[in-house]
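Dumped work.txt below, it's compact mmCIF, C-alpha atoms:
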```txt
# COMPACT_ATOMS: atom_id res chain seq x y z
CA LYS X 279 33.10 -31.51 -17.54
CA SER X 280 32.90 -29.34 -14.47
CA GLU X 281 31.59 -29.30 -10.92
CA PRO X 282 30.73 -26.49 -8.49
CA SER X 283 33.71 -25.11 -6.65
CA ARG X 284 33.71 -25.55 -2.89
CA ILE X 285 35.16 -22.10 -2.36
CA GLY X 286 34.28 -18.63 -3.52
CA SER X 287 31.12 -17.85 -5.44
CA PRO X 288 28.48 -20.61 -5.57
CA PHE X 289 28.40 -19.97 -9.30
CA ALA X 290 32.13 -20.51 -9.82
CA VAL X 291 33.20 -23.64 -11.72
CA ARG X 292 36.24 -25.91 -11.34
CA LEU X 293 37.32 -27.58 -14.55
CA ILE X 294 38.06 -31.34 -14.26
CA PHE X 295 39.93 -31.46 -17.56
CA PRO X 296 41.07 -28.67 -19.88
CA LEU X 297 38.53 -27.05 -22.17
CA SER X 298 39.34 -25.13 -25.28
CA MET X 299 40.02 -21.48 -24.58
CA ALA X 300 36.75 -20.48 -26.29
CA ALA X 301 34.71 -22.97 -24.25
CA GLU X 302 36.36 -21.91 -21.00
CA GLN X 303 35.65 -18.27 -21.80
CA ARG X 304 31.98 -19.09 -22.42
CA VAL X 305 31.75 -20.87 -19.05
CA ARG X 306 33.19 -17.85 -17.30
CA ILE X 307 30.88 -15.43 -19.12
CA VAL X 308 27.79 -17.48 -18.19
CA ALA X 309 28.92 -17.72 -14.55
CA SER X 310 29.50 -13.96 -14.37
CA HIS X 311 26.07 -13.26 -15.83
CA VAL X 312 24.39 -15.54 -13.29
CA GLU X 313 26.29 -13.87 -10.46
CA ALA X 314 25.29 -10.42 -11.73
CA ALA X 315 21.62 -11.45 -11.95
CA ALA X 316 21.72 -12.72 -8.38
CA ASP X 317 22.97 -9.33 -7.21
CA VAL X 318 20.29 -7.27 -8.95
CA ALA X 319 17.78 -5.96 -6.42
CA PRO X 320 14.10 -6.04 -7.42
CA ARG X 321 12.45 -2.78 -8.41
CA LYS X 322 10.87 -0.94 -5.49
CA ILE X 323 7.41 0.31 -6.41
CA CYS X 324 4.70 1.97 -4.33
CA VAL X 325 1.17 1.66 -5.70
CA VAL X 326 -1.24 4.12 -4.07
CA THR X 327 -4.98 4.34 -4.60
CA GLY X 328 -6.40 7.81 -4.01
CA GLY X 329 -2.93 9.26 -4.56
CA SER X 330 -4.09 12.49 -6.16
CA SER X 331 -4.72 14.35 -2.87
CA GLY X 332 -4.64 14.17 0.92
CA ILE X 333 -2.92 11.23 2.60
CA GLY X 334 -2.52 9.39 -0.71
CA ALA X 335 -0.63 12.29 -2.32
CA ALA X 336 1.62 12.56 0.74
CA VAL X 337 2.32 8.81 0.52
CA CYS X 338 3.41 9.25 -3.11
CA VAL X 339 5.86 11.99 -2.12
CA GLU X 340 7.17 10.03 0.87
CA PHE X 341 7.93 6.86 -1.07
CA ALA X 342 9.43 8.74 -4.02
CA ALA X 343 11.81 10.41 -1.56
CA ASN X 344 12.76 6.92 -0.36
CA GLY X 345 13.75 5.78 -3.83
CA TYR X 346 10.54 4.05 -4.94
CA GLU X 347 8.89 4.27 -8.30
CA VAL X 348 5.35 5.50 -7.64
CA VAL X 349 2.06 4.52 -9.29
CA CYS X 350 -1.04 6.56 -8.42
CA VAL X 351 -4.48 5.07 -9.12
CA ALA X 352 -7.05 7.85 -8.84
CA ARG X 353 -9.64 9.87 -10.72
CA ARG X 354 -7.18 12.74 -11.17
CA PRO X 355 -3.46 12.77 -12.03
CA CYS X 356 -0.99 12.60 -9.18
CA PRO X 357 0.53 16.01 -8.34
CA LEU X 358 3.93 14.29 -8.12
CA ALA X 359 5.39 14.75 -11.61
CA SER X 360 7.53 11.61 -11.47
CA ALA X 361 4.60 9.33 -10.59
CA LYS X 362 2.81 7.17 -13.13
CA SER X 363 -0.88 8.10 -13.01
CA VAL X 364 -3.49 5.44 -13.75
CA LEU X 365 -6.74 7.36 -14.10
CA ALA X 366 -9.60 5.31 -12.70
CA ASP X 367 -12.80 5.71 -10.71
CA LEU X 368 -12.53 2.83 -8.26
CA SER X 369 -16.20 3.09 -7.35
CA SER X 370 -16.80 0.80 -10.35
CA VAL X 371 -15.81 -2.87 -10.18
CA ASP X 372 -15.03 -2.97 -13.90
CA THR X 373 -12.79 0.08 -13.63
CA ALA X 374 -11.04 -1.36 -10.58
CA GLN X 375 -10.29 -4.54 -12.53
CA ALA X 376 -9.06 -2.60 -15.57
CA SER X 377 -6.79 -0.40 -13.45
CA ALA X 378 -5.39 -3.49 -11.71
CA GLU X 379 -4.45 -4.92 -15.11
CA GLU X 380 -2.70 -1.71 -16.11
CA VAL X 381 -0.74 -1.58 -12.88
CA ALA X 382 0.19 -5.26 -13.20
CA GLN X 383 1.69 -4.60 -16.63
CA PHE X 384 3.79 -1.79 -15.15
CA LEU X 385 5.08 -3.98 -12.30
CA GLY X 386 6.50 -6.60 -14.62
CA GLU X 387 7.25 -10.13 -13.50
CA GLN X 388 8.29 -9.36 -9.90
CA ALA X 389 8.94 -6.26 -7.82
CA GLN X 390 9.14 -5.27 -4.19
CA VAL X 391 5.77 -3.56 -3.92
CA CYS X 392 4.10 -1.51 -1.24
CA LEU X 393 0.40 -1.45 -2.13
CA VAL X 394 -1.34 1.32 -0.19
CA HIS X 395 -5.14 1.38 -0.21
CA CYS X 396 -5.97 5.04 0.46
CA ALA X 397 -9.00 5.72 -1.72
CA SER X 398 -12.14 6.44 0.29
CA SER X 399 -15.27 8.52 0.56
CA TYR X 400 -16.65 10.42 3.56
CA PRO X 401 -20.45 10.02 3.64
CA SER X 402 -22.53 11.47 6.46
CA ASP X 403 -25.71 9.57 7.30
CA ALA X 404 -27.41 7.67 10.11
CA ALA X 405 -28.84 4.24 10.82
CA GLN X 406 -32.35 5.72 10.70
CA THR X 407 -31.77 7.26 7.26
CA PRO X 408 -28.86 5.47 5.58
CA ASP X 409 -27.50 6.84 2.34
CA VAL X 410 -27.70 3.55 0.44
CA LEU X 411 -25.71 4.75 -2.55
CA GLY X 412 -23.18 6.34 -0.22
CA LEU X 413 -22.88 3.06 1.68
CA GLN X 414 -22.39 1.09 -1.54
CA SER X 415 -19.71 3.55 -2.69
CA ALA X 416 -17.93 3.48 0.67
CA LEU X 417 -17.83 -0.33 0.69
CA GLN X 418 -16.69 -0.42 -2.93
CA LEU X 419 -13.82 2.00 -2.29
CA ASN X 420 -12.74 0.60 1.07
CA VAL X 421 -13.33 -3.13 0.63
CA VAL X 422 -14.16 -4.28 -2.89
CA ALA X 423 -11.59 -2.26 -4.87
CA PRO X 424 -8.75 -3.10 -2.43
CA SER X 425 -9.68 -6.78 -2.71
CA VAL X 426 -9.64 -6.63 -6.52
CA LEU X 427 -6.29 -4.83 -6.73
CA THR X 428 -4.61 -6.96 -4.07
CA ALA X 429 -5.70 -10.22 -5.70
CA ARG X 430 -4.48 -9.17 -9.14
CA LEU X 431 -1.15 -7.72 -8.04
CA LEU X 432 -0.06 -10.36 -5.53
CA ARG X 433 1.57 -12.57 -8.16
CA HIS X 434 3.91 -9.68 -9.00
CA MET X 435 4.85 -8.91 -5.39
CA ALA X 436 8.23 -10.28 -4.33
CA ALA X 437 9.19 -11.17 -0.77
CA GLY X 438 9.48 -7.99 1.28
CA SER X 439 6.34 -6.51 -0.25
CA SER X 440 3.45 -5.18 1.80
CA VAL X 441 -0.25 -4.36 1.61
CA ILE X 442 -1.18 -1.33 3.72
CA PHE X 443 -4.82 -0.48 4.31
CA VAL X 444 -5.65 3.05 5.46
CA GLY X 445 -8.48 2.92 7.97
CA SER X 446 -9.51 5.40 10.62
CA THR X 447 -10.08 5.84 14.32
CA LEU X 448 -13.61 4.86 13.26
CA SER X 449 -12.33 1.43 12.23
CA GLU X 450 -12.70 0.47 15.90
CA LYS X 451 -15.05 3.14 17.25
CA ALA X 452 -18.23 4.80 16.03
CA VAL X 453 -19.85 8.21 16.22
CA ALA X 454 -23.35 9.36 15.42
CA GLY X 455 -23.94 10.71 11.93
CA LYS X 456 -21.18 8.73 10.15
CA PHE X 457 -23.05 5.44 9.67
CA SER X 458 -21.77 4.39 6.22
CA TYR X 459 -18.24 5.60 6.90
CA CYS X 460 -18.03 3.67 10.18
CA VAL X 461 -19.40 0.52 8.54
CA ALA X 462 -16.86 0.69 5.70
CA LYS X 463 -13.88 1.43 7.94
CA HIS X 464 -14.87 -1.37 10.35
CA ALA X 465 -15.06 -3.70 7.33
CA MET X 466 -11.43 -2.86 6.54
CA VAL X 467 -10.41 -4.50 9.82
CA GLY X 468 -11.87 -7.80 8.64
CA LEU X 469 -10.36 -7.33 5.19
CA MET X 470 -6.87 -6.78 6.60
CA ARG X 471 -7.11 -9.67 9.07
CA ALA X 472 -8.41 -12.12 6.47
CA THR X 473 -5.71 -11.02 4.01
CA THR X 474 -3.05 -11.51 6.68
CA GLN X 475 -4.15 -15.09 7.29
CA ASP X 476 -4.26 -15.97 3.59
CA LEU X 477 -0.77 -14.50 3.00
CA LEU X 478 0.83 -15.81 6.20
CA ARG X 479 4.53 -16.71 5.68
CA SER X 480 4.37 -15.59 2.05
CA GLY X 481 6.84 -12.74 2.54
CA VAL X 482 4.08 -10.16 2.06
CA HIS X 483 2.87 -8.47 5.23
CA THR X 484 -0.30 -6.47 5.85
CA VAL X 485 -1.17 -3.67 8.27
CA LEU X 486 -4.16 -1.41 8.88
CA VAL X 487 -3.02 2.15 9.62
CA CYS X 488 -5.74 4.16 11.36
CA PRO X 489 -5.21 7.93 11.37
CA GLY X 490 -7.15 10.21 13.66
CA ILE X 491 -8.79 13.35 12.30
CA THR X 492 -6.47 14.40 9.50
CA ASP X 493 -6.23 17.74 7.73
CA THR X 494 -7.09 16.67 4.18
CA PRO X 495 -9.10 18.23 1.33
CA MET X 496 -11.79 15.57 1.87
CA VAL X 497 -12.23 16.54 5.51
CA ARG X 498 -12.02 20.26 4.72
CA GLU X 499 -14.81 19.87 2.18
CA ALA X 500 -16.97 18.01 4.71
CA ILE X 501 -16.62 20.72 7.37
CA ARG X 502 -17.00 23.74 5.10
CA GLY X 503 -18.75 26.52 7.01
CA GLN X 504 -18.04 24.82 10.35
CA GLU X 505 -14.26 25.06 10.38
CA THR X 506 -13.91 26.87 13.73
CA ALA X 507 -16.23 24.53 15.61
CA PHE X 508 -14.67 21.43 14.06
CA GLU X 509 -11.12 22.53 14.78
CA GLY X 510 -12.13 23.14 18.38
CA PHE X 511 -13.59 19.63 18.52
CA ALA X 512 -10.42 18.12 17.04
CA SER X 513 -8.27 20.09 19.46
CA ASP X 514 -10.23 18.80 22.45
CA LEU X 515 -10.27 15.24 21.12
CA GLN X 516 -6.66 14.78 20.01
CA GLY X 517 -4.80 18.06 20.56
CA ARG X 518 -4.77 19.03 16.87
CA MET X 519 -5.49 17.61 13.46
CA VAL X 520 -2.93 15.11 12.19
CA THR X 521 -1.11 16.05 8.97
CA SER X 522 -1.09 13.91 5.84
CA GLN X 523 2.71 13.96 5.91
CA GLU X 524 2.76 12.43 9.39
CA VAL X 525 0.51 9.59 8.29
CA ALA X 526 2.57 9.02 5.13
CA SER X 527 5.72 8.74 7.22
CA ILE X 528 4.06 6.10 9.42
CA ILE X 529 2.98 4.14 6.34
CA ALA X 530 6.53 4.19 4.96
CA ASP X 531 7.87 2.91 8.28
CA VAL X 532 5.23 0.16 8.47
CA ALA X 533 6.09 -1.00 4.94
CA ARG X 534 9.61 -1.82 6.15
CA GLN X 535 8.47 -3.74 9.25
CA PRO X 536 7.12 -7.25 8.52
CA ILE X 537 7.04 -7.89 12.28
CA LEU X 538 3.88 -5.72 12.29
CA ASN X 539 2.03 -8.23 10.10
CA GLY X 540 -1.67 -8.25 11.01
CA THR X 541 -1.45 -5.13 13.20
CA ILE X 542 -4.01 -2.34 13.60
CA LEU X 543 -1.91 0.77 14.16
CA HIS X 544 -3.54 3.98 15.38
CA CYS X 545 -1.82 7.33 14.78
CA ASN X 546 -3.92 10.10 16.27
CA ASN X 547 -1.71 11.99 18.75
CA GLY X 548 -3.61 10.28 21.58
CA GLN X 549 -7.35 10.76 21.72
CA ARG X 550 -9.39 11.68 24.78
CA GLU X 551 -11.71 8.84 25.78
CA ARG X 552 -15.37 9.79 25.85
```

Written form, structure tokens:
Amino acid sequence: KSEPSRIGSPFAVRLIFPLSMAAEQRVRIVASHVEAAADVAPRKICVVTGGSSGIGAAVCVEFAANGYEVVCVARRPCPLASAKSVLADLSSVDTAQASAEEVAQFLGEQAQVCLVHCASSYPSDAAQTPDVLGLQSALQLNVVAPSVLTARLLRHMAAGSSVIFVGSTLSEKAVAGKFSYCVAKHAMVGLMRATTQDLLRSGVHTVLVCPGITDTPMVREAIRGQETAFEGFASDLQGRMVTSQEVASIIADVARQPILNGTILHCNNGQRER
């Protein structure tokens, strides 16, 4: 017979009457194993969609440098050699669900997870002539796929985990000629806020990080042939283009700050109001 000791470890035992030496040794071994399990920190894992280039790739590097295991969900392998690459085209609901299952298996029962929704597209269209397929793709990548992955992975996310959505300055503003992109990035505001309310006090916090114009391969492709004019525009608007590394650093900081739960955080070097 034994009862918890009132001093020392909460797992220590005080024997009421003598046990055999073998039994006493077993009690001590069990107690030491329980104490050791209590001291084991959960795995730290960063799951990044769109982690094969641009901001997503920078996020992979940033979190790896901070001691996280990294999982990249993208159409192409992650350039970070140590990352686990889950190859998936998130513009398909079925593929998003399948990739979520694969990532869930990697996470195991519980882990401290930072889930970063970076995957996006950059359509150019207008209200008068919307690119319907482009709009569907933008909403799938920015709203539907994040919803699918978040829902599936939440059960594996221990207290201290976070869900970070990567929006844009155009999550709260709009410009002509970026109809579908503005719609999708505005929708991310509602997605983040609704997720925050559903997860309130769960130990998992959510933030929408909104970079300004960022120097990424996706943006460079969109401005091909107009680089000089666009760089002049960016310089006048916000001083310079933001770097992917700067945004990744902000995301890593936000992941460690549950006090920011439900926040829309702009990082654009300060933009000139127009």

Closest contacts (range 467-503 of chain X/range 394-416 of chain X, max 12 Å, all atoms listed in the file) as a Markdown table:
```
| residue | atom | partner | partner_atom | distance |
| --- | --- | --- | --- | --- |
| X:Leu469 | CA | X:His395 | CA | 11.5 |
| X:Met470 | CA | X:His395 | CA | 10.8 |
| X:His483 | CA | X:Val394 | CA | 12.0 |
| X:Thr484 | CA | X:Val394 | CA | 9.9 |
| X:Val485 | CA | X:Val394 | CA | 9.8 |
| X:Leu486 | CA | X:His395 | CA | 9.6 |
| X:Val487 | CA | X:Val394 | CA | 10.0 |
| X:Cys488 | CA | X:Cys396 | CA | 10.9 |
| X:Pro489 | CA | X:Cys396 | CA | 11.3 |
| X:Thr494 | CA | X:Tyr400 | CA | 11.4 |
| X:Pro495 | CA | X:Tyr400 | CA | 11.1 |
| X:Met496 | CA | X:Tyr400 | CA | 7.3 |
| X:Val497 | CA | X:Tyr400 | CA | 7.8 |
| X:Arg498 | CA | X:Tyr400 | CA | 10.9 |
| X:Glu499 | CA | X:Tyr400 | CA | 9.7 |
| X:Ala500 | CA | X:Tyr400 | CA | 7.7 |
| X:Ile501 | CA | X:Tyr400 | CA | 11.0 |
```

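The interatomic distance for the pair CA of Val364 in chain X and CA of Gln535 in chain X works out to 27.5 Å.
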
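Using only C-alpha atoms for every distance, the candidate list X:Ala378, X:Asp372, X:Glu340, X:Leu477 yields X:Leu477 as the residue closest to Gly540 in chain X.
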
Counting only C-alpha atoms, the residue among X:Thr474, X:Ser480, X:Thr521, X:Asn420 that lies closest to Asp493 in chain X is X:Thr521

Excluding Ser522 in chain X and residues on its chain fewer than 4 positions from it, collect all residues at most 9 Å away from it, counting only C-alpha atoms, and give them as number ranges by chain.
X: 332-337, 492-494, 526-527

Would you kindly return, as a list of chain:residue names, each protein, DNA or RNA residue with an atom no farther than 7 Å from any atom of range 342-346 of chain X, considering only C-alpha atoms and excluding same-chain residues fewer than 4 positions away? X:Lys322, X:Ile323, X:Cys324, X:Cys338

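Taking CA of Asn546 in chain X and CA of Gln475 in chain X as the two end points, the separation is 26.7 Å.
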
Give as a list in words every residue, naming chains and numbers as the document does, that has an atom within 12 Å of (-7.7, -1.7, -15.4), counting only C-alpha atoms.
-> Val351, Ala352, Val364, Leu365, Ala366, Asp367, Leu368, Ser370, Val371, Asp372, Thr373, Ala374, Gln375, Ala376, Ser377, Ala378, Glu379, Glu380, Val381, Ala382, Gln383, Phe384, Ala423, Val426, Leu427, Arg430 and Leu431 of chain X

Original post:
Hey, can you pull every residue with an atom no more than 12 Å from (5.4, -10.7, 4.3), using all atoms listed in the file, and send it as a count of residues only?
Top reply: 34

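The spacing separating CA of Asn547 in chain X from CA of Gly490 in chain X amounts to 7.7 Å.
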
Nearest to Gly328 in chain X, restricted to all atoms listed in the file and choosing among X:Gly455, X:Gly386, X:Pro355, X:Gly445, comes out as X:Pro355

Is it possible to get the axis-aligned box enclosing range 513-524 of chain X (all listed atoms, 4 Å extra per side) as JSON, with centre and edge lengths in Å rounded to one decimal?
```
{"center_x": -3.8, "center_y": 16.3, "center_z": 14.1, "size_x": 21.0, "size_y": 15.7, "size_z": 24.6}
```

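Distances to Ile529 in chain X were evaluated for X:Ala512, X:Ala462, X:Leu385, X:Val339 using only C-alpha atoms, and the minimum falls at X:Val339.
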
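Shortest separation to Leu419 in chain X among X:Leu448, X:Val325, X:Ala465, X:Ala361 occurs at residue X:Ala465, atoms counted being all atoms listed in the file.
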
Coordinate excerpt as a short mmCIF file (atom, residue, chain, number, x, y, z; two decimals), in the first residue's frame: range 495-532 of chain X, N, CA and C atoms:
```
data_model
loop_
_atom_site.label_atom_id
_atom_site.label_comp_id
_atom_site.auth_asym_id
_atom_site.auth_seq_id
_atom_site.Cartn_x
_atom_site.Cartn_y
_atom_site.Cartn_z
N PRO X 495 8.93 35.02 -56.41
CA PRO X 495 8.83 34.55 -57.80
C PRO X 495 7.43 34.75 -58.39
N MET X 496 6.38 34.61 -57.57
CA MET X 496 5.03 34.80 -58.07
C MET X 496 4.81 36.24 -58.53
N VAL X 497 5.28 37.19 -57.75
CA VAL X 497 5.13 38.60 -58.14
C VAL X 497 6.02 38.90 -59.33
N ARG X 498 7.25 38.38 -59.32
CA ARG X 498 8.17 38.64 -60.44
C ARG X 498 7.60 38.13 -61.77
N GLU X 499 6.94 36.98 -61.70
CA GLU X 499 6.32 36.44 -62.90
C GLU X 499 5.19 37.34 -63.38
N ALA X 500 4.42 37.88 -62.45
CA ALA X 500 3.28 38.72 -62.80
C ALA X 500 3.70 40.06 -63.43
N ILE X 501 4.89 40.55 -63.07
CA ILE X 501 5.30 41.87 -63.57
C ILE X 501 6.35 41.77 -64.67
N ARG X 502 6.54 40.58 -65.21
CA ARG X 502 7.57 40.39 -66.23
C ARG X 502 7.36 41.38 -67.38
N GLY X 503 8.44 42.07 -67.74
CA GLY X 503 8.38 43.08 -68.80
C GLY X 503 8.02 44.46 -68.29
N GLN X 504 7.60 44.54 -67.02
CA GLN X 504 7.22 45.84 -66.43
C GLN X 504 7.97 46.08 -65.13
N GLU X 505 9.12 45.42 -64.99
CA GLU X 505 9.84 45.46 -63.72
C GLU X 505 10.17 46.88 -63.26
N THR X 506 10.69 47.71 -64.16
CA THR X 506 11.12 49.06 -63.77
C THR X 506 9.94 49.90 -63.29
N ALA X 507 8.85 49.86 -64.03
CA ALA X 507 7.67 50.64 -63.65
C ALA X 507 7.09 50.14 -62.33
N PHE X 508 7.06 48.82 -62.15
CA PHE X 508 6.47 48.26 -60.93
C PHE X 508 7.33 48.56 -59.71
N GLU X 509 8.63 48.46 -59.88
CA GLU X 509 9.52 48.76 -58.75
C GLU X 509 9.42 50.23 -58.37
N GLY X 510 9.21 51.10 -59.34
CA GLY X 510 8.99 52.51 -59.04
C GLY X 510 7.70 52.71 -58.27
N PHE X 511 6.64 51.98 -58.67
CA PHE X 511 5.36 52.04 -57.97
C PHE X 511 5.51 51.56 -56.53
N ALA X 512 6.21 50.42 -56.35
CA ALA X 512 6.40 49.87 -55.00
C ALA X 512 7.22 50.83 -54.14
N SER X 513 8.22 51.45 -54.74
CA SER X 513 9.05 52.40 -54.01
C SER X 513 8.24 53.59 -53.52
N ASP X 514 7.37 54.09 -54.38
CA ASP X 514 6.53 55.23 -53.99
C ASP X 514 5.50 54.82 -52.94
N LEU X 515 4.98 53.62 -53.06
CA LEU X 515 3.93 53.16 -52.16
C LEU X 515 4.46 52.82 -50.77
N GLN X 516 5.56 52.04 -50.72
CA GLN X 516 6.01 51.55 -49.42
C GLN X 516 7.53 51.59 -49.24
N GLY X 517 8.20 52.41 -50.04
CA GLY X 517 9.64 52.58 -49.89
C GLY X 517 10.46 51.57 -50.65
N ARG X 518 10.06 50.31 -50.63
CA ARG X 518 10.75 49.22 -51.33
C ARG X 518 9.86 47.99 -51.22
N MET X 519 10.23 46.97 -51.98
CA MET X 519 9.53 45.70 -51.81
C MET X 519 10.00 45.01 -50.54
N VAL X 520 9.08 44.38 -49.85
CA VAL X 520 9.40 43.60 -48.65
C VAL X 520 10.08 42.31 -49.10
N THR X 521 10.96 41.76 -48.27
CA THR X 521 11.59 40.48 -48.61
C THR X 521 10.82 39.32 -47.97
N SER X 522 10.92 38.17 -48.59
CA SER X 522 10.28 36.97 -48.04
C SER X 522 10.83 36.64 -46.65
N GLN X 523 12.12 36.88 -46.47
CA GLN X 523 12.75 36.58 -45.18
C GLN X 523 12.17 37.45 -44.07
N GLU X 524 11.88 38.71 -44.38
CA GLU X 524 11.28 39.59 -43.38
C GLU X 524 9.91 39.10 -42.95
N VAL X 525 9.12 38.67 -43.92
CA VAL X 525 7.78 38.17 -43.61
C VAL X 525 7.88 36.88 -42.80
N ALA X 526 8.81 36.00 -43.17
CA ALA X 526 8.98 34.73 -42.45
C ALA X 526 9.36 34.98 -41.00
N SER X 527 10.20 35.98 -40.76
CA SER X 527 10.60 36.31 -39.40
C SER X 527 9.40 36.79 -38.58
N ILE X 528 8.53 37.59 -39.20
CA ILE X 528 7.32 38.05 -38.52
C ILE X 528 6.42 36.86 -38.17
N ILE X 529 6.27 35.93 -39.11
CA ILE X 529 5.42 34.76 -38.87
C ILE X 529 5.96 33.93 -37.71
N ALA X 530 7.27 33.75 -37.65
CA ALA X 530 7.87 33.00 -36.55
C ALA X 530 7.63 33.70 -35.21
N ASP X 531 7.72 35.01 -35.20
CA ASP X 531 7.45 35.77 -33.97
C ASP X 531 5.98 35.62 -33.55
N VAL X 532 5.08 35.73 -34.51
CA VAL X 532 3.65 35.65 -34.24
C VAL X 532 3.28 34.28 -33.68
#
```
